[in-house]
file coords18.cif (mmCIF, C-alpha atoms)
data_start
loop_
_atom_site.label_atom_id
_atom_site.label_comp_id
_atom_site.auth_asym_id
_atom_site.auth_seq_id
_atom_site.Cartn_x
_atom_site.Cartn_y
_atom_site.Cartn_z
CA MET A 1 -46.36 -32.12 25.91
CA SER A 2 -43.92 -34.95 26.48
CA LYS A 3 -42.55 -35.78 29.89
CA ASN A 4 -39.02 -35.06 28.69
CA VAL A 5 -39.93 -31.56 27.55
CA ARG A 6 -41.69 -30.81 30.83
CA ARG A 7 -38.86 -32.25 32.91
CA HIS A 8 -36.30 -29.98 31.28
CA GLY A 9 -38.53 -26.91 31.38
CA ALA A 10 -38.43 -26.38 27.64
CA ALA A 11 -41.32 -24.71 25.90
CA PRO A 12 -43.22 -27.09 23.66
CA ARG A 13 -42.82 -26.51 19.95
CA ARG A 14 -46.07 -25.39 18.43
CA VAL A 15 -46.74 -27.13 15.18
CA GLY A 16 -49.51 -25.69 13.10
CA LEU A 17 -50.43 -22.57 11.21
CA ASN A 18 -48.85 -19.16 11.61
CA GLU A 19 -50.88 -15.94 11.35
CA GLN A 20 -50.20 -15.50 7.63
CA GLN A 21 -51.32 -19.07 6.93
CA ILE A 22 -54.47 -18.60 9.00
CA THR A 23 -55.35 -15.48 7.02
CA GLU A 24 -54.80 -17.40 3.78
CA ALA A 25 -56.83 -20.36 5.08
CA ILE A 26 -59.74 -18.03 5.88
CA ARG A 27 -59.59 -16.57 2.37
CA LEU A 28 -59.48 -20.00 0.74
CA TYR A 29 -62.29 -21.33 2.91
CA GLN A 30 -64.50 -18.35 2.10
CA GLN A 31 -63.83 -18.98 -1.59
CA GLY A 32 -65.16 -22.51 -1.18
CA ASP A 33 -62.09 -24.68 -0.61
CA SER A 34 -62.57 -27.59 1.78
CA LEU A 35 -60.82 -27.77 5.12
CA ALA A 36 -59.04 -30.94 3.98
CA THR A 37 -57.76 -29.30 0.79
CA ILE A 38 -56.52 -26.23 2.66
CA GLY A 39 -54.85 -28.39 5.30
CA LYS A 40 -53.16 -30.59 2.74
CA GLY A 41 -51.72 -27.53 1.00
CA MET A 42 -50.40 -26.18 4.30
CA GLY A 43 -49.07 -29.43 5.72
CA VAL A 44 -51.63 -29.80 8.50
CA THR A 45 -54.92 -31.64 8.94
CA GLY A 46 -58.30 -30.27 8.01
CA HIS A 47 -59.16 -30.44 11.71
CA ALA A 48 -56.22 -28.12 12.52
CA VAL A 49 -57.47 -25.65 9.90
CA ARG A 50 -61.01 -25.86 11.27
CA SER A 51 -59.79 -25.19 14.81
CA ARG A 52 -57.93 -22.03 13.76
CA LEU A 53 -60.89 -20.76 11.70
CA VAL A 54 -63.33 -21.34 14.56
CA GLU A 55 -60.96 -19.46 16.91
CA ARG A 56 -61.13 -16.52 14.48
CA GLY A 57 -64.94 -16.58 14.42
CA VAL A 58 -65.30 -17.93 10.89
CA ARG A 59 -68.72 -19.48 10.36
CA MET A 60 -68.42 -23.10 9.32
CA ARG A 61 -70.56 -24.32 6.46
CA SER A 62 -72.13 -27.72 6.11
CA SER A 63 -70.26 -30.09 3.80
CA ILE A 64 -73.53 -30.44 1.92
CA CYS A 65 -73.44 -26.72 1.12
CA ASN A 66 -69.93 -26.72 -0.35
CA PRO A 67 -70.32 -24.98 -3.74
CA ARG A 68 -67.36 -26.85 -5.26
CA ARG A 69 -68.80 -30.18 -4.17
CA LYS A 70 -72.06 -29.30 -5.94
CA LEU A 71 -70.12 -28.52 -9.11
CA ASP A 72 -68.24 -31.82 -8.85
CA LEU A 73 -71.49 -33.74 -8.40
CA ALA A 74 -73.12 -31.94 -11.34
CA ALA A 75 -70.14 -32.73 -13.58
CA GLN A 76 -70.48 -36.43 -12.77
CA ASN A 77 -74.06 -36.55 -14.09
#
call {"tool": "encode", "arguments": {"input": "coords18.cif", "output": "structure tokens"}}
result
Amino acid sequence: MSKNVRRHGAAPRRVGLNEQQITEAIRLYQQGDSLATIGKGMGVTGHAVRSRLVERGVRMRSSICNPRRKLDLAAQN
């Protein structure tokens, strides 16, 4: 929070995902979308998406296990 905001007693503006977006992000992630792809579509970073998913108890997968990544790699060969 900036010093100006604190000095004037204003509440900081929360930038990020709302509840509906978090629900959609969970659905997309469980379907195999990457955190980066989800974040890009929602105007936030993949890290922001990951933080919200972890808060909701979503189990994170290894990037090696991403089913779409495997398909992309197979298509290249």
call {"tool": "residues_around", "arguments": {"input": "coords18.cif", "residues": "Gly39 (chain A)", "least_positions_apart": "6", "cutoff": "6 Å", "atoms": "all atoms listed in the file", "output": "short mmCIF file (atom, residue, chain, number, x, y, z; two decimals) with C-alpha atoms, in the coordinates of the input"}}
result
data_model
loop_
_atom_site.label_atom_id
_atom_site.label_comp_id
_atom_site.auth_asym_id
_atom_site.auth_seq_id
_atom_site.Cartn_x
_atom_site.Cartn_y
_atom_site.Cartn_z
CA THR A 45 -54.92 -31.64 8.94
CA GLY A 46 -58.30 -30.27 8.01
CA VAL A 49 -57.47 -25.65 9.90
#
call {"tool": "resolve_selection", "arguments": {"input": "coords18.cif", "expression": "the PyMOL selection byres ((chain A and resi 18) around 12)", "output": "ChimeraX atom specification"}}
result
/A:14-17,19-25,42-44,48-49,52
call {"tool": "atom_distance", "arguments": {"input": "coords18.cif", "atom1": "CA of Val58 (chain A)", "atom2": "CA of Gln30 (chain A)"}}
result
8.8 Å
call {"tool": "closest_residue", "arguments": {"input": "coords18.cif", "among": "A:Ser34, A:Lys3, A:Gly9, A:Arg27", "to": "Ser62 (chain A)", "atoms": "only C-alpha atoms"}}
result
A:Ser34
call {"tool": "atom_distance", "arguments": {"input": "coords18.cif", "atom1": "CA of Val54 (chain A)", "atom2": "CA of Tyr29 (chain A)"}}
result
11.7 Å
call {"tool": "closest_residue", "arguments": {"input": "coords18.cif", "among": "A:Ala36, A:Ile26, A:Gly41, A:Gln31", "to": "Arg56 (chain A)", "atoms": "all atoms listed in the file"}}
result
A:Ile26
